[in-house]
$ cat structure-v6.tsv   # TSV, C-alpha atoms and all ligand atoms
chain	number	residue	atom	x	y	z
E	1	MET	CA	-18.15	-12.26	6.31
E	2	ASP	CA	-21.89	-12.60	5.80
E	3	GLY	CA	-23.59	-9.58	4.36
E	4	THR	CA	-20.58	-8.44	2.33
E	5	PRO	CA	-21.79	-7.31	-1.11
E	6	ASP	CA	-20.63	-9.31	-4.13
E	7	THR	CA	-20.42	-6.68	-6.83
E	8	LEU	CA	-19.56	-3.00	-7.16
E	9	LEU	CA	-23.20	-2.16	-7.79
E	10	GLU	CA	-24.29	-4.01	-4.66
E	11	ALA	CA	-21.51	-2.38	-2.64
E	12	VAL	CA	-22.49	1.12	-3.70
E	13	THR	CA	-26.14	0.50	-2.87
E	14	PHE	CA	-25.39	-1.30	0.39
E	15	PHE	CA	-22.98	1.29	1.76
E	16	ALA	CA	-25.05	4.29	0.63
E	17	ASP	CA	-26.98	3.94	3.88
E	18	ALA	CA	-24.88	5.59	6.62
E	19	GLU	CA	-26.34	3.43	9.37
E	20	ARG	CA	-25.70	0.20	7.50
E	21	ALA	CA	-22.18	1.28	6.49
E	22	HIS	CA	-21.40	2.05	10.12
E	23	GLN	CA	-22.78	-1.28	11.35
E	24	TYR	CA	-20.77	-3.10	8.73
E	25	ALA	CA	-17.53	-1.32	9.61
E	26	VAL	CA	-18.07	-2.02	13.31
E	27	LEU	CA	-18.75	-5.72	12.76
E	28	MET	CA	-15.77	-5.98	10.46
E	29	ARG	CA	-13.45	-4.33	12.93
E	30	TRP	CA	-14.72	-5.92	16.14
E	31	PRO	CA	-16.32	-9.27	15.25
E	32	ASN	CA	-16.13	-10.30	18.92
E	33	GLY	CA	-17.55	-7.13	20.39
E	34	VAL	CA	-16.30	-3.55	20.56
E	35	ALA	CA	-13.01	-3.03	22.39
E	36	CYS	CA	-11.35	0.29	23.18
E	37	PRO	CA	-8.64	1.00	20.56
E	38	ARG	CA	-6.95	3.71	22.56
E	39	MET	CA	-3.29	2.99	23.19
E	40	GLY	CA	-2.84	-0.09	25.32
E	41	CYS	CA	-6.39	-0.09	26.68
E	42	GLY	CA	-8.39	-2.77	24.85
E	43	SER	CA	-11.16	-2.72	27.43
E	44	ALA	CA	-14.48	-4.25	26.37
E	45	SER	CA	-16.27	-2.21	28.98
E	46	VAL	CA	-17.61	0.50	26.69
E	47	GLN	CA	-20.78	2.51	26.35
E	48	PHE	CA	-22.24	3.35	22.94
E	49	ILE	CA	-23.56	6.85	22.35
E	50	ALA	CA	-25.83	6.18	19.38
E	51	THR	CA	-26.59	9.81	18.51
E	52	ARG	CA	-22.93	10.55	17.92
E	53	LYS	CA	-21.91	7.08	16.76
E	54	LEU	CA	-19.11	6.90	19.30
E	55	TRP	CA	-18.19	4.88	22.32
E	56	ARG	CA	-17.00	5.94	25.73
E	57	CYS	CA	-14.52	3.65	27.43
E	58	LYS	CA	-15.32	3.02	31.09
E	59	GLU	CA	-11.73	1.99	31.73
E	60	CYS	CA	-9.65	4.86	30.34
E	61	LYS	CA	-12.60	7.32	30.18
E	62	ARG	CA	-11.82	8.20	26.58
E	63	GLN	CA	-14.08	8.33	23.58
E	64	PHE	CA	-13.56	6.69	20.22
E	65	THR	CA	-15.29	6.06	16.92
E	66	VAL	CA	-14.95	3.11	14.57
E	67	LYS	CA	-12.29	5.09	12.67
E	68	VAL	CA	-9.99	5.67	15.64
E	69	GLY	CA	-6.82	3.58	15.45
E	70	THR	CA	-7.22	2.84	11.72
E	71	VAL	CA	-6.01	4.58	8.56
E	72	LEU	CA	-9.34	6.43	8.57
E	73	GLU	CA	-8.65	8.19	11.86
E	74	ASP	CA	-9.46	11.92	11.79
E	75	SER	CA	-10.98	11.67	8.31
E	76	PRO	CA	-14.10	13.81	7.86
E	77	ILE	CA	-15.08	11.68	4.84
E	78	PRO	CA	-18.05	9.49	5.77
E	79	LEU	CA	-17.93	5.69	5.64
E	80	THR	CA	-20.53	5.83	2.85
E	81	LYS	CA	-17.68	7.13	0.67
E	82	TRP	CA	-14.78	5.31	2.27
E	83	LEU	CA	-16.18	1.82	1.79
E	84	PRO	CA	-16.87	2.15	-1.97
E	85	ALA	CA	-13.37	3.66	-2.32
E	86	PHE	CA	-11.91	0.56	-0.65
E	87	TRP	CA	-13.97	-1.58	-3.01
E	88	LEU	CA	-12.70	0.24	-6.09
E	89	LEU	CA	-9.03	0.15	-5.24
E	90	SER	CA	-9.14	-3.50	-4.15
E	91	ASN	CA	-10.82	-4.69	-7.30
E	92	THR	CA	-9.89	-2.61	-10.32
E	93	LYS	CA	-7.17	-4.60	-11.98
E	94	ASN	CA	-5.23	-1.59	-13.25
E	95	GLY	CA	-6.03	0.70	-10.35
E	96	THR	CA	-8.22	3.79	-10.29
E	97	SER	CA	-6.96	7.35	-10.62
E	98	SER	CA	-7.75	9.92	-7.97
E	99	CYS	CA	-9.46	12.06	-10.64
E	100	GLU	CA	-11.89	9.24	-11.38
E	101	LEU	CA	-12.51	8.53	-7.71
E	102	GLY	CA	-13.04	12.21	-6.99
E	103	ARG	CA	-15.67	12.47	-9.69
E	104	SER	CA	-17.40	9.24	-8.66
E	105	LEU	CA	-17.61	10.17	-4.97
E	106	GLY	CA	-18.13	13.90	-5.32
E	107	VAL	CA	-14.91	14.88	-3.51
E	108	THR	CA	-11.94	16.86	-4.81
E	109	GLN	CA	-9.08	15.13	-6.59
E	110	LYS	CA	-6.78	16.05	-3.72
E	111	THR	CA	-9.09	14.42	-1.17
E	112	ALA	CA	-9.44	11.34	-3.37
E	113	TRP	CA	-5.67	11.15	-3.75
E	114	PHE	CA	-5.21	11.23	0.01
E	115	MET	CA	-7.98	8.62	0.48
E	116	PHE	CA	-6.29	6.27	-1.97
E	117	HIS	CA	-2.94	6.68	-0.28
E	118	ARG	CA	-4.51	5.74	3.03
E	119	ILE	CA	-6.07	2.69	1.42
E	120	ARG	CA	-2.67	1.76	-0.02
E	121	ALA	CA	-1.27	1.99	3.49
E	122	ALA	CA	-3.98	-0.47	4.55
E	123	MET	CA	-2.96	-2.79	1.72
E	124	LYS	CA	0.70	-2.78	2.68
E	125	THR	CA	2.00	-6.22	3.56
E	126	GLY	CA	2.68	-6.61	7.25
E	127	THR	CA	6.18	-7.35	8.48
E	128	PHE	CA	4.79	-10.40	10.25
E	129	GLU	CA	4.23	-12.20	6.94
E	130	ARG	CA	6.40	-15.26	6.56
E	131	GLN	CA	9.46	-15.19	4.33
E	132	LEU	CA	9.18	-16.45	0.78
E	133	GLN	CA	10.54	-19.97	0.37
E	134	GLY	CA	10.82	-22.95	-1.99
E	135	GLU	CA	11.39	-21.69	-5.53
E	136	VAL	CA	11.65	-17.91	-5.74
E	137	GLU	CA	12.13	-15.78	-8.86
E	138	ILE	CA	14.15	-12.60	-8.40
E	139	ASP	CA	14.44	-9.64	-10.72
E	140	GLU	CA	14.74	-5.88	-10.85
E	141	THR	CA	13.26	-3.40	-13.29
E	142	PHE	CA	13.32	0.27	-14.16
E	143	VAL	CA	10.13	2.30	-13.93
E	144	GLY	CA	9.27	5.75	-15.30
E	145	GLY	CA	10.40	7.42	-18.50
E	146	LYS	CA	12.20	5.78	-21.37
E	147	ALA	CA	15.50	4.00	-20.89
E	148	GLU	CA	17.17	6.15	-23.54
E	149	ASN	CA	16.31	9.28	-21.55
E	150	ARG	CA	17.99	8.06	-18.40
E	151	ARG	CA	20.07	10.62	-16.64
E	152	GLY	CA	23.61	10.44	-17.95
E	153	ASN	CA	22.56	8.75	-21.16
E	154	VAL	CA	21.16	11.85	-22.76
E	155	GLY	CA	24.08	13.98	-21.74
E	156	SER	CA	26.57	11.73	-23.44
E	157	ARG	CA	24.42	11.09	-26.50
E	158	ARG	CA	23.68	14.71	-27.23
E	159	GLY	CA	26.91	16.03	-25.88
E	160	TRP	CA	25.11	17.89	-23.11
E	161	GLY	CA	26.53	18.60	-19.76
E	162	THR	CA	24.91	16.55	-16.99
E	163	LYS	CA	23.16	19.65	-15.72
E	164	ARG	CA	20.99	19.73	-18.83
E	165	ALA	CA	20.07	16.07	-18.63
E	166	PRO	CA	16.34	15.49	-18.04
E	167	LYS	CA	15.20	15.67	-14.46
E	168	THR	CA	13.08	12.54	-14.75
E	169	GLU	CA	15.09	9.68	-13.48
E	170	LYS	CA	14.01	6.10	-13.63
E	171	ALA	CA	13.25	4.42	-10.35
E	172	ILE	CA	14.54	0.93	-9.70
E	173	VAL	CA	12.14	-1.70	-8.40
E	174	PHE	CA	13.28	-4.97	-6.88
E	175	GLY	CA	10.89	-7.91	-6.81
E	176	MET	CA	10.64	-11.49	-5.62
E	177	ILE	CA	7.93	-14.03	-6.31
E	178	GLU	CA	7.48	-17.43	-4.73
E	179	ARG	CA	6.26	-19.98	-7.26
E	180	GLY	CA	2.66	-20.75	-6.35
E	181	GLY	CA	2.90	-18.09	-3.67
E	182	LYS	CA	3.17	-14.40	-3.10
E	183	VAL	CA	5.09	-11.53	-4.58
E	184	ARG	CA	7.03	-8.74	-2.85
E	185	ALA	CA	8.25	-5.56	-4.52
E	186	MET	CA	10.00	-2.43	-3.35
E	187	THR	CA	12.06	0.46	-4.69
E	188	VAL	CA	15.82	0.29	-4.23
E	189	PRO	CA	18.44	3.04	-4.65
E	190	ASN	CA	20.67	1.02	-7.00
E	191	VAL	CA	21.26	-2.49	-8.38
E	192	GLN	CA	24.42	-3.28	-6.46
E	193	GLY	CA	24.85	-6.55	-4.61
E	194	THR	CA	25.30	-4.69	-1.34
E	195	THR	CA	21.77	-3.32	-1.77
E	196	LEU	CA	19.94	-6.28	-3.28
E	197	VAL	CA	21.38	-9.21	-1.34
E	198	PRO	CA	20.40	-7.88	2.13
E	199	LYS	CA	16.86	-7.34	0.81
E	200	LEU	CA	16.91	-10.88	-0.48
E	201	ARG	CA	17.99	-12.22	2.91
E	202	GLU	CA	15.23	-10.23	4.59
E	203	HIS	CA	12.44	-11.59	2.40
E	204	VAL	CA	13.55	-15.04	1.25
E	205	ARG	CA	14.35	-17.91	3.57
E	206	GLY	CA	17.96	-19.13	3.40
E	207	GLY	CA	18.43	-22.39	1.50
E	208	SER	CA	15.63	-21.65	-0.97
E	209	THR	CA	16.18	-22.00	-4.69
E	210	ILE	CA	16.39	-18.63	-6.41
E	211	TYR	CA	16.09	-17.97	-10.13
E	212	THR	CA	17.80	-14.83	-11.40
E	213	ASP	CA	19.21	-13.38	-14.59
E	214	ALA	CA	22.96	-13.23	-15.07
E	215	ALA	CA	23.36	-10.03	-13.03
E	216	GLY	CA	26.55	-10.14	-11.00
E	217	ALA	CA	24.79	-8.40	-8.10
E	218	TYR	CA	23.42	-11.76	-6.98
E	219	ASN	CA	26.76	-13.55	-6.85
E	220	ALA	CA	27.05	-12.92	-3.13
E	221	ALA	CA	23.66	-14.62	-2.62
E	222	GLU	CA	25.10	-17.95	-3.72
E	223	TRP	CA	26.41	-18.50	-0.21
E	224	SER	CA	22.94	-18.75	1.26
E	225	TYR	CA	20.77	-19.82	-1.68
E	226	ASN	CA	20.73	-22.40	-4.40
E	227	ARG	CA	20.98	-19.98	-7.32
E	228	LEU	CA	19.99	-20.94	-10.87
E	229	VAL	CA	20.76	-18.46	-13.60
E	230	ILE	CA	18.95	-17.83	-16.87
E	231	ASP	CA	21.07	-15.62	-19.10
E	232	HIS	CA	18.63	-13.36	-20.91
E	233	ALA	CA	21.23	-12.61	-23.56
E	234	VAL	CA	20.88	-16.26	-24.62
E	235	LYS	CA	17.32	-17.37	-23.78
E	236	TYR	CA	14.43	-16.83	-21.39
E	237	VAL	CA	13.45	-20.36	-20.39
E	238	GLU	CA	15.42	-23.50	-19.78
E	239	GLY	CA	13.37	-26.19	-18.12
E	240	ARG	CA	12.33	-24.79	-14.76
E	241	VAL	CA	14.91	-22.06	-14.92
E	242	THR	CA	13.04	-18.87	-15.83
E	243	THR	CA	12.01	-15.56	-14.33
E	244	ASN	CA	8.81	-15.29	-16.36
E	245	ARG	CA	6.54	-15.00	-13.32
E	246	ILE	CA	8.23	-11.93	-11.96
E	247	GLU	CA	8.47	-10.48	-15.51
E	248	ASN	CA	4.70	-10.97	-15.75
E	249	PHE	CA	4.27	-9.05	-12.51
E	250	TRP	CA	6.41	-6.21	-13.90
E	251	SER	CA	4.15	-5.95	-16.91
E	252	CYS	CA	1.12	-5.60	-14.57
E	253	VAL	CA	2.94	-2.89	-12.62
E	254	LYS	CA	3.90	-0.98	-15.75
E	255	ARG	CA	0.46	-1.23	-17.28
E	256	THR	CA	-1.02	0.31	-14.14
E	257	LEU	CA	1.61	2.99	-13.74
E	258	HIS	CA	1.62	4.07	-17.36
E	259	GLY	CA	-2.05	3.55	-18.10
E	260	THR	CA	-3.82	4.74	-14.97
E	261	TYR	CA	-1.53	6.78	-12.80
E	262	ILE	CA	0.53	8.32	-15.62
E	263	ALA	CA	2.71	10.45	-13.37
E	264	VAL	CA	3.78	8.86	-10.13
E	265	ARG	CA	6.38	10.71	-8.15
E	266	PRO	CA	9.31	8.42	-7.37
E	267	PHE	CA	8.87	8.86	-3.63
E	268	HIS	CA	5.28	7.60	-3.86
E	269	LEU	CA	6.18	4.62	-6.01
E	270	ASP	CA	6.40	2.25	-3.05
E	271	ALA	CA	2.77	2.96	-2.20
E	272	TYR	CA	1.66	2.11	-5.75
E	273	LEU	CA	3.75	-1.06	-5.57
E	274	ASP	CA	2.00	-2.01	-2.32
E	275	GLU	CA	-1.33	-1.64	-4.11
E	276	GLN	CA	-0.22	-3.77	-7.06
E	277	VAL	CA	1.32	-6.40	-4.79
E	278	PHE	CA	-1.90	-6.55	-2.77
E	279	ARG	CA	-4.10	-7.18	-5.80
E	280	PHE	CA	-1.63	-9.62	-7.33
E	281	ASN	CA	-1.36	-11.67	-4.14
E	282	ALA	CA	-5.14	-11.76	-3.78
E	283	ARG	CA	-5.72	-12.63	-7.44
E	284	GLU	CA	-7.28	-15.99	-6.57
E	285	ASP	CA	-9.75	-14.29	-4.24
E	286	ASP	CA	-13.09	-12.82	-5.35
E	287	ASP	CA	-13.99	-9.11	-5.18
E	288	ALA	CA	-15.65	-9.38	-1.77
E	289	GLY	CA	-12.64	-11.24	-0.36
E	290	ARG	CA	-10.19	-8.64	-1.59
E	291	PHE	CA	-12.35	-5.85	-0.23
E	292	VAL	CA	-12.52	-7.51	3.20
E	293	SER	CA	-8.77	-8.09	3.41
E	294	ALA	CA	-8.00	-4.48	2.42
E	295	LEU	CA	-10.44	-3.27	5.05
E	296	LYS	CA	-8.94	-5.53	7.70
E	297	GLY	CA	-5.50	-4.10	6.87
E	298	ALA	CA	-6.75	-0.64	7.84
E	299	ASP	CA	-6.62	-1.51	11.52
E	300	GLY	CA	-3.66	-0.34	13.57
E	301	LYS	CA	-2.13	1.85	10.84
E	302	ARG	CA	-1.90	5.59	10.44
E	303	LEU	CA	-1.02	7.91	7.58
E	304	THR	CA	-1.20	11.66	8.01
E	305	TYR	CA	-1.18	14.17	5.17
E	306	ALA	CA	1.97	15.75	6.60
E	307	ALA	CA	3.80	12.42	6.57
E	308	LEU	CA	2.57	11.61	3.08
E	309	THR	CA	3.74	14.89	1.56
E	310	ALA	CA	6.88	15.33	3.66
E	311	SER	CA	9.12	13.75	1.04
E	312	HIS	CA	7.87	16.03	-1.74
E	313	PRO	CA	10.83	17.98	-3.19
E	314	ARG	CA	8.99	21.24	-2.60
E	315	TRP	CA	8.83	20.49	1.11
E	316	ARG	CA	11.98	18.47	1.51
E	317	GLY	CA	14.26	19.85	4.15
E	318	ARG	CA	11.53	21.88	5.75
E	319	PRO	CA	10.62	20.77	9.22
E	320	ILE	CA	7.19	19.19	9.56
E	321	ALA	CA	5.07	21.38	11.79
E	322	PRO	CA	4.75	19.52	15.09
E	323	VAL	CA	1.23	18.50	16.06
E	324	PRO	CA	0.28	20.59	19.09
E	325	PRO	CA	-0.48	18.45	22.12
E	326	ARG	CA	-4.16	18.07	22.88
E	327	ARG	CA	-4.97	20.34	25.74
E	328	ARG	CA	-7.22	19.04	28.46
E	329	THR	CA	-8.83	21.09	31.16
E	330	ASN	CA	-10.85	19.75	34.05
E	331	ASP	CA	-14.24	20.94	32.86
E	332	GLU	CA	-13.70	19.53	29.35
E	333	PRO	CA	-14.70	16.00	28.49
E	334	PRO	CA	-11.69	13.83	27.62
E	335	ILE	CA	-10.73	13.71	23.89
E	336	SER	CA	-13.80	14.53	21.89
E	337	GLY	CA	-14.64	12.61	18.77
E	338	VAL	CA	-16.55	15.54	17.25
E	339	SER	CA	-14.04	16.22	14.52
E	340	ASP	CA	-14.51	12.65	13.38
E	341	ARG	CA	-17.82	13.08	11.59
E	342	LEU	CA	-19.41	9.85	10.41
J	401	ZN	ZN	-10.07	2.52	26.96
$ encode --input "structure-v6.tsv" --output "structure tokens"
Amino acid sequence: MDGTPDTLLEAVTFFADAERAHQYAVLMRWPNGVACPRMGCGSASVQFIATRKLWRCKECKRQFTVKVGTVLEDSPIPLTKWLPAFWLLSNTKNGTSSCELGRSLGVTQKTAWFMFHRIRAAMKTGTFERQLQGEVEIDETFVGGKAENRRGNVGSRRGWGTKRAPKTEKAIVFGMIERGGKVRAMTVPNVQGTTLVPKLREHVRGGSTIYTDAAGAYNAAEWSYNRLVIDHAVKYVEGRVTTNRIENFWSCVKRTLHGTYIAVRPFHLDAYLDEQVFRFNAREDDDAGRFVSALKGADGKRLTYAALTASHPRWRGRPIAPVPPRRRTNDEPPISGVSDRL
């Protein structure tokens, strides 16, 4: 889009102006004119209230801001901070920590952490994306902690009971990369065929050629794919048969996780993978292009703090407090956008 800054410095300067940041976000979201984002409305018959930077829909009589219906909904953080945050996370090769973002934007680490998780939600690949096809490399890897400290290992090595084994368990990540195309990665509970092969069927078109290591988990995939095996106990490359591309992606993931994020809770790992996958798949793009596609991904998604922290062990099992229904009385204007400061 015209007017998108080219560098971080330009972006920071450009978006520092609240008016300009707002105009940019509006144009980016509604290039063909503002349309009501309230559920199922979509009416273009809207009236702009400039003083409050919100629109009133003449169809459903509701009000909305540019943040409504995106991952930014209900956020009190102004666009002047949101847009540079999008820029940073889209373009820093090894990610940015929430501590760094917090300091750069003048918000708390907790706020920055939540902002980044919302941006990661925006970066998440849509389910509408086509399946991988052609030649696809498949592999799985372990993330977090050292292999020798894996649960079970330590117990047997030191003669401990399993109860005294370290609590840090390695998470398993499953990945697929289309040669000359895109990568997909996700956490999986185990490396059994019954887990991996259904994932494979979901993401890779039947009849494609798949390259894997000698893991027996993929044997069942031979029914639907042309499987070529490279036995890593023997060698890593034989002609076209190699999984070097996906291995290369794993090294990017590990560099980011170990170098920048240091301690990622296993239940948040998928979000960090989404971020890495996003940057990897947009690696041919320039900074402005990556920024724009992350921003476009923000539309139609939602991530609340309650949902984000619900899987934390401290909260696990506790019911999430239900959101009280918005009360409307006759003398009150319908849904106010006041809480949504811009
Ligand atoms: Zn409407």
$ residues_around --input "structure-v6.tsv" --residues "E:Trp250" --least-positions-apart "6" --cutoff "9 Å" --atoms "all atoms listed in the file" --output "short mmCIF file (atom, residue, chain, number, x, y, z; two decimals) with C-alpha atoms, keeping the file's coordinate frame"
data_model
loop_
_atom_site.label_atom_id
_atom_site.label_comp_id
_atom_site.auth_asym_id
_atom_site.auth_seq_id
_atom_site.Cartn_x
_atom_site.Cartn_y
_atom_site.Cartn_z
CA GLU E 140 14.74 -5.88 -10.85
CA THR E 141 13.26 -3.40 -13.29
CA GLY E 175 10.89 -7.91 -6.81
#
$ closest_residue --input "structure-v6.tsv" --among "E:Phe64, E:Phe48, E:Tyr24, E:Pro31" --to "ligand ZN 401 (chain J)" --atoms "only C-alpha atoms and all ligand atoms"
E:Phe64
$ residues_near_ligand --input "structure-v6.tsv" --ligand "ligand ZN 401 (chain J)" --cutoff "7 Å" --atoms "all atoms listed in the file" --output "VMD selection string"
chain E and resid 36 to 38 41 to 43 57 to 62
$ residues_around --input "structure-v6.tsv" --residues "stretch 253-268 of chain E" --least-positions-apart "2" --cutoff "10 Å" --atoms "all atoms listed in the file" --output "ChimeraX atom specification"
/E:93-100,117,141-145,168-172,187,247-251,270-273,275-277,280,308-313
$ atom_distance --input "structure-v6.tsv" --atom1 "atom CA of E:Gln131" --atom2 "atom CA of E:Arg205"
5.6 Å
$ closest_residue --input "structure-v6.tsv" --among "E:Thr7, E:Thr194, E:Thr242, E:Thr209" --to "E:Arg290" --atoms "all atoms listed in the file"
E:Thr7
$ closest_residue --input "structure-v6.tsv" --among "E:Glu202, E:Gly3, E:Val237, E:Gly289" --to "E:Phe128" --atoms "all atoms listed in the file"
E:Glu202
$ atom_distance --input "structure-v6.tsv" --atom1 "atom CA of E:Leu132" --atom2 "atom CA of E:Val71"
27.1 Å
$ closest_atom_pairs --input "structure-v6.tsv" --of "stretch 77-113 of chain E" --to "stretch 303-306 of chain E" --cutoff "12 Å" --atoms "all atoms listed in the file" --output "Markdown table"
| residue | atom | partner | partner_atom | distance |
| --- | --- | --- | --- | --- |
| E:Lys110 | CA | E:Tyr305 | CA | 10.7 |
| E:Thr111 | CA | E:Tyr305 | CA | 10.1 |
| E:Trp113 | CA | E:Tyr305 | CA | 10.4 |
$ write_last_selection --input "structure-v6.tsv" --atoms "C-alpha atoms" --output "PDB file, keeping the file's coordinate frame"
ATOM      1  CA  LYS E 110      -6.780  16.050  -3.720  1.00  0.00           C
ATOM      2  CA  THR E 111      -9.090  14.420  -1.170  1.00  0.00           C
ATOM      3  CA  TRP E 113      -5.670  11.150  -3.750  1.00  0.00           C
TER       4      TRP E 113
END
$ residues_around --input "structure-v6.tsv" --residues "E:Thr195" --least-positions-apart "3" --cutoff "12 Å" --atoms "only C-alpha atoms" --output "list in words"
Glu140, Ile172, Val173, Phe174, Met186, Thr187, Val188, Pro189, Asn190, Val191, Gln192, Pro198, Lys199, Leu200, Arg201, Glu202, Ala217, Tyr218, Ala220 and Ala221 of chain E
